[in-house]
$ cat query_18.cif   # mmCIF, C-alpha atoms
data_final
loop_
_atom_site.label_atom_id
_atom_site.label_comp_id
_atom_site.auth_asym_id
_atom_site.auth_seq_id
_atom_site.Cartn_x
_atom_site.Cartn_y
_atom_site.Cartn_z
CA MET A 28 2.76 -9.26 -20.69
CA ILE A 29 0.52 -6.34 -21.68
CA PHE A 30 -3.19 -6.82 -21.00
CA GLU A 31 -5.76 -4.45 -22.52
CA LEU A 32 -9.53 -4.41 -22.11
CA ASP A 33 -11.30 -2.16 -24.58
CA ASN A 34 -14.72 -1.13 -25.92
CA VAL A 35 -16.74 -2.86 -23.19
CA GLU A 36 -20.52 -2.50 -23.39
CA LEU A 37 -22.53 -4.10 -20.59
CA TYR A 38 -26.31 -3.95 -20.15
CA PHE A 39 -28.53 -5.29 -17.37
CA LYS A 40 -32.22 -5.38 -18.32
CA ASN A 41 -31.71 -2.78 -21.07
CA LYS A 42 -29.90 -0.46 -18.66
CA ARG A 43 -26.37 0.38 -19.76
CA ILE A 44 -23.92 -0.29 -16.94
CA LEU A 45 -20.56 0.02 -18.72
CA ASN A 46 -19.68 1.77 -21.95
CA GLY A 47 -16.47 3.09 -23.49
CA ILE A 48 -14.20 1.21 -21.09
CA TYR A 49 -10.45 1.07 -21.58
CA LEU A 50 -8.06 -0.56 -19.15
CA LYS A 51 -4.39 -1.43 -19.52
CA ALA A 52 -2.19 -3.48 -17.21
CA GLU A 53 1.32 -4.83 -17.67
CA THR A 54 3.93 -6.96 -15.97
CA GLY A 55 5.81 -4.93 -13.37
CA LYS A 56 2.88 -2.67 -12.50
CA VAL A 57 -0.20 -2.76 -10.29
CA THR A 58 -3.23 -1.26 -12.03
CA ALA A 59 -6.02 -0.08 -9.74
CA ILE A 60 -9.72 0.44 -10.42
CA LEU A 61 -11.38 2.91 -8.06
CA GLY A 62 -15.04 3.81 -8.00
CA ARG A 63 -18.07 4.10 -5.78
CA ASN A 64 -19.97 1.00 -4.61
CA GLY A 65 -22.25 -0.29 -7.35
CA CYS A 66 -20.43 1.46 -10.19
CA GLY A 67 -19.47 -1.81 -11.90
CA LYS A 68 -15.93 -2.58 -10.66
CA SER A 69 -16.67 -6.26 -9.95
CA SER A 70 -18.52 -6.60 -13.26
CA LEU A 71 -15.49 -5.19 -15.05
CA LEU A 72 -13.13 -7.70 -13.40
CA ASN A 73 -15.52 -10.55 -14.21
CA ILE A 74 -15.65 -9.43 -17.84
CA ALA A 75 -11.85 -9.27 -17.99
CA PHE A 76 -11.51 -12.78 -16.55
CA GLY A 77 -14.29 -14.18 -18.73
CA ASN A 78 -16.92 -14.97 -16.08
CA LEU A 79 -19.34 -12.36 -17.41
CA LYS A 80 -20.23 -11.91 -21.05
CA PRO A 81 -21.06 -8.32 -22.03
CA LYS A 82 -22.68 -7.18 -25.25
CA TYR A 83 -19.22 -6.29 -26.54
CA LYS A 84 -15.60 -6.36 -25.41
CA LEU A 85 -12.13 -6.57 -26.88
CA ILE A 86 -9.23 -8.12 -24.98
CA ARG A 87 -5.68 -7.87 -26.26
CA LEU A 88 -2.60 -9.63 -24.91
CA ASN A 89 0.65 -8.13 -26.19
CA ASN A 90 -1.40 -6.28 -28.84
CA LYS A 91 -3.02 -9.49 -30.17
CA PRO A 92 -6.78 -10.06 -29.80
CA GLN A 93 -7.60 -12.76 -27.25
CA LEU A 94 -10.74 -14.65 -28.24
CA LYS A 95 -10.81 -17.35 -25.56
CA PRO A 96 -11.89 -16.34 -22.02
CA LEU A 97 -8.86 -15.88 -19.80
CA TYR A 98 -10.07 -18.40 -17.20
CA SER A 99 -9.79 -21.14 -19.86
CA THR A 100 -6.21 -20.32 -20.80
CA GLY A 101 -4.56 -20.74 -17.40
CA ILE A 102 -2.63 -17.48 -17.69
CA ALA A 103 -4.90 -15.54 -15.30
CA LYS A 104 -6.07 -15.93 -11.71
CA TYR A 105 -9.05 -14.17 -10.15
CA LEU A 106 -9.89 -13.40 -6.52
CA PRO A 107 -13.67 -12.85 -6.25
CA GLN A 108 -15.33 -10.96 -3.39
CA TYR A 109 -16.80 -14.18 -2.02
CA ASN A 110 -14.94 -17.22 -0.62
CA PHE A 111 -14.12 -19.66 -3.42
CA ILE A 112 -12.40 -22.40 -1.38
CA PRO A 113 -14.79 -25.16 -0.16
CA ASN A 114 -15.33 -25.06 3.62
CA GLY A 115 -14.56 -28.73 4.14
CA MET A 116 -11.07 -28.69 2.58
CA LYS A 117 -8.02 -28.98 4.82
CA LEU A 118 -5.43 -26.22 4.45
CA SER A 119 -2.65 -28.74 3.77
CA PHE A 120 -4.67 -30.13 0.83
CA ILE A 121 -5.51 -26.64 -0.48
CA PHE A 122 -1.82 -25.72 -0.65
CA LYS A 123 -0.98 -28.99 -2.43
CA LEU A 124 -3.83 -28.36 -4.88
CA TYR A 125 -2.33 -24.98 -5.83
CA ALA A 126 1.27 -26.31 -5.78
CA LEU A 127 2.26 -23.91 -3.00
CA ASP A 128 4.61 -24.53 -0.08
CA TRP A 129 2.90 -24.38 3.32
CA ASP A 130 6.20 -23.70 5.12
CA VAL A 131 6.97 -20.70 2.91
CA PHE A 132 3.50 -19.33 3.73
CA THR A 133 3.91 -19.79 7.50
CA GLU A 134 7.32 -18.09 7.42
CA LYS A 135 5.41 -14.95 6.40
CA PHE A 136 2.31 -15.66 8.48
CA ASP A 137 3.56 -17.68 11.46
CA ALA A 138 0.25 -17.46 13.36
CA PHE A 139 -1.21 -19.84 10.76
CA SER A 140 1.25 -22.67 11.45
CA ILE A 141 -1.19 -24.34 13.89
CA TYR A 142 -3.88 -24.56 11.16
CA LYS A 143 -2.14 -26.94 8.74
CA ASN A 144 -4.58 -29.82 9.32
CA HIS A 145 -7.60 -27.62 10.02
CA LYS A 146 -10.49 -27.28 7.62
CA PHE A 147 -11.02 -23.97 5.84
CA LYS A 148 -14.28 -23.34 7.73
CA ALA A 149 -12.37 -23.32 11.05
CA LEU A 150 -10.76 -19.98 10.13
CA SER A 151 -12.20 -16.53 10.77
CA GLY A 152 -13.47 -14.42 7.86
CA GLY A 153 -10.25 -12.37 7.81
CA GLU A 154 -8.05 -15.48 7.94
CA ARG A 155 -9.95 -17.05 5.03
CA ARG A 156 -9.58 -13.87 3.01
CA LEU A 157 -5.85 -13.78 3.66
CA ILE A 158 -5.38 -17.44 2.61
CA GLU A 159 -7.35 -16.93 -0.61
CA THR A 160 -5.54 -13.70 -1.50
CA TYR A 161 -2.16 -15.35 -0.87
CA ILE A 162 -3.08 -18.36 -3.04
CA ILE A 163 -4.26 -16.24 -5.96
CA LEU A 164 -1.18 -13.99 -5.78
CA LYS A 165 1.34 -16.83 -5.46
CA SER A 166 -0.17 -19.35 -7.89
CA GLU A 167 1.39 -19.61 -11.31
CA SER A 168 -0.09 -17.02 -13.67
CA LYS A 169 0.77 -13.99 -15.77
CA ILE A 170 -2.26 -11.84 -14.90
CA VAL A 171 -3.94 -11.48 -11.49
CA PHE A 172 -7.33 -9.89 -10.80
CA LEU A 173 -7.99 -9.00 -7.14
CA ASP A 174 -11.48 -7.93 -6.08
CA GLU A 175 -11.51 -6.47 -2.53
CA PRO A 176 -8.35 -8.27 -1.33
CA PHE A 177 -8.08 -6.15 1.84
CA SER A 178 -11.64 -6.86 2.98
CA HIS A 179 -11.81 -8.15 6.61
CA LEU A 180 -8.00 -8.14 6.99
CA SER A 181 -6.24 -6.75 10.06
CA PRO A 182 -4.00 -3.68 9.47
CA LEU A 183 -0.89 -5.85 9.92
CA HIS A 184 -2.05 -8.40 7.34
CA ILE A 185 -2.99 -5.62 4.90
CA GLU A 186 0.61 -4.37 5.01
CA THR A 187 1.97 -7.89 4.44
CA ILE A 188 -0.36 -8.44 1.48
CA LYS A 189 0.77 -5.09 0.02
CA GLN A 190 4.38 -6.29 0.29
CA LEU A 191 3.38 -9.53 -1.42
CA ILE A 192 1.70 -7.60 -4.25
CA ALA A 193 4.89 -5.56 -4.69
CA GLU A 194 6.93 -8.79 -4.95
CA GLU A 195 4.56 -10.58 -7.33
CA LYS A 196 4.14 -7.65 -9.73
CA LYS A 197 7.72 -8.20 -10.89
CA MET A 198 6.47 -11.34 -12.68
CA LYS A 199 2.79 -10.54 -13.21
CA ALA A 200 0.35 -7.89 -14.37
CA ILE A 201 -1.87 -7.19 -11.34
CA ILE A 202 -5.30 -5.51 -11.52
CA ILE A 203 -6.80 -4.60 -8.16
CA SER A 204 -10.03 -3.08 -6.92
CA ASP A 205 -10.98 -2.25 -3.35
CA HIS A 206 -13.09 0.35 -1.54
CA MET A 207 -10.16 1.00 0.84
CA TYR A 208 -8.72 3.64 -1.46
CA GLN A 209 -5.75 4.60 0.76
CA HIS A 210 -4.29 1.09 0.48
CA ILE A 211 -5.09 0.90 -3.23
CA ILE A 212 -3.31 4.20 -3.89
CA GLU A 213 -0.24 3.04 -1.94
CA ALA A 214 -0.12 -0.36 -3.66
CA SER A 215 -0.72 0.75 -7.27
CA ASP A 216 1.33 2.26 -10.09
CA VAL A 217 -1.56 3.13 -12.41
CA ILE A 218 -5.05 4.21 -11.35
CA TYR A 219 -8.31 4.22 -13.29
CA LEU A 220 -11.50 5.77 -11.95
CA LEU A 221 -14.71 4.02 -12.98
CA GLN A 222 -17.49 6.60 -13.04
CA ASN A 223 -20.72 6.90 -15.01
CA GLY A 224 -19.98 3.61 -16.75
CA THR A 225 -16.63 4.62 -18.20
CA THR A 226 -12.97 4.65 -17.12
CA LYS A 227 -10.69 7.64 -16.73
CA GLN A 228 -6.97 7.21 -16.12
CA ILE A 229 -5.89 9.31 -13.13
CA LYS A 230 -2.66 11.16 -13.80
CA LYS A 231 -2.64 13.19 -10.55
CA LEU A 232 -4.24 12.06 -7.31
CA THR A 233 -6.00 15.42 -6.95
CA GLU A 234 -8.15 14.39 -9.94
CA LEU A 235 -9.91 11.96 -7.57
CA GLU A 236 -11.17 15.05 -5.75
CA ASP A 237 -11.89 16.90 -9.01
CA TYR A 238 -14.10 14.01 -10.16
CA GLN A 239 -15.73 14.02 -6.69
CA TYR A 240 -14.75 10.41 -5.94
CA LEU A 241 -12.99 11.76 -2.83
CA SER A 242 -14.09 14.74 -0.78
CA GLU A 243 -11.83 17.77 -0.86
CA GLY A 244 -8.87 17.38 1.49
CA ALA A 245 -9.22 13.58 1.79
CA LEU A 246 -5.72 13.10 0.39
CA ASN A 247 -4.07 15.36 2.98
#
$ encode --input "query_18.cif" --output "structure tokens"
Amino acid sequence: MIFELDNVELYFKNKRILNGIYLKAETGKVTAILGRNGCGKSSLLNIAFGNLKPKYKLIRLNNKPQLKPLYSTGIAKYLPQYNFIPNGMKLSFIFKLYALDWDVFTEKFDAFSIYKNHKFKALSGGERRLIETYIILKSESKIVFLDEPFSHLSPLHIETIKQLIAEEKKMKAIIISDHMYQHIIEASDVIYLLQNGTTKQIKKLTELEDYQYLSEGALN
């Protein structure tokens, strides 16, 4: 699967937020979007998924224009920055709802085994984030959008999620955005920098310093 987002124009109250955007992701690769807070990364993911309607956009799947929003087709999953699972749902029910095996999950994350019959609200912020990221990554789809998946996670859980991303990219095109750039760089195969409303593909990591996204020497 090759996913392309092209020619995006987004305005908020007559102010142009995004313009001249191009983004490509494909099965077998993790595509990262880096950029400063407030530059439009979340808006871009919402446009790609179909939650946000810009003035103009073009989405292509395998070089064919896609007119229906991706959320309506079932081929894409999206992890938003906020919690999307209702607080009152039991974890056992959540995993059934997404057709995922609880035992397979707890083999990877054994500390969660005691929570099977707990409600989602009983978990800490980091635990909720981990559950939601796991569900979005493991659910059946061809394209995955992850907005801040490492937020609130412990260092150990971040590493496990990065391993999971590496496994799932064999079957899926994964687009990821997070302010924790070190983890994004390690987890991704292709990097785009979103700056001044447009995307630039980063060919060498030192370009992140050249474009002043990172301070000089930050990559050392």
$ resolve_selection --input "query_18.cif" --expression "the PyMOL selection byres ((chain A and resi 45) around 10)" --output "PyMOL selection string"
chain A and resi 34-39+42-44+46-48+66-68+70-71+81-82+221-226
$ atom_distance --input "query_18.cif" --atom1 "CA of Phe122 (chain A)" --atom2 "CA of Thr160 (chain A)"
12.6 Å
$ closest_residue --input "query_18.cif" --among "A:Ala193, A:His184, A:Lys51, A:Gln108" --to "Phe139 (chain A)" --atoms "all atoms listed in the file"
A:His184
$ resolve_selection --input "query_18.cif" --expression "the PyMOL selection byres ((chain A and resi 154) around 12)" --output "PyMOL selection string"
chain A and resi 110+118+136+138-139+142+147-153+155-161+176-181+184-185
$ closest_residue --input "query_18.cif" --among "A:Leu72, A:Leu88, A:Leu235, A:Ile112" --to "Thr58 (chain A)" --atoms "all atoms listed in the file"
A:Leu72
$ closest_residue --input "query_18.cif" --among "A:Ala126, A:Ile212, A:Ile218, A:Leu94" --to "Leu50 (chain A)" --atoms "only C-alpha atoms"
A:Ile218
$ resolve_selection --input "query_18.cif" --expression "the PyMOL selection byres ((chain A and resi 207) around 12)" --output "VMD selection string"
chain A and resid 59 to 64 174 to 180 182 185 203 to 206 208 to 214 241
$ atom_distance --input "query_18.cif" --atom1 "CA of Thr100 (chain A)" --atom2 "CA of Leu191 (chain A)"
24.2 Å
$ closest_residue --input "query_18.cif" --among "A:Gly244, A:Gly55, A:Pro113, A:Gly77" --to "Gly101 (chain A)" --atoms "all atoms listed in the file"
A:Gly77
$ residues_around --input "query_18.cif" --residues "region 95-97 of chain A" --least-positions-apart "6" --cutoff "9 Å" --atoms "all atoms listed in the file" --output "count of residues only"
7
$ closest_residue --input "query_18.cif" --among "A:Glu53, A:Asn41, A:Ile121, A:Leu164" --to "Glu194 (chain A)" --atoms "all atoms listed in the file"
A:Leu164
$ atom_distance --input "query_18.cif" --atom1 "CA of Glu167 (chain A)" --atom2 "CA of Pro107 (chain A)"
17.3 Å
$ residues_around --input "query_18.cif" --residues "Ser119 (chain A)" --least-positions-apart "2" --cutoff "9 Å" --atoms "only C-alpha atoms" --output "list in words"
Met116, Lys117, Ile121, Phe122, Lys123, Leu124, Trp129, Tyr142, Lys143, Asn144, His145 and Lys146 of chain A
$ closest_residue --input "query_18.cif" --among "A:Ala200, A:Ile141, A:Ile192, A:Leu183" --to "Asn89 (chain A)" --atoms "only C-alpha atoms"
A:Ala200
$ axis_aligned_box --input "query_18.cif" --around "region 142-152 of chain A" --padding-each-side "3 Å" --output "AutoDock Vina command-line options"
--center_x -8.2 --center_y -22.1 --center_z 8.5 --size_x 18.1 --size_y 21.4 --size_z 11.3
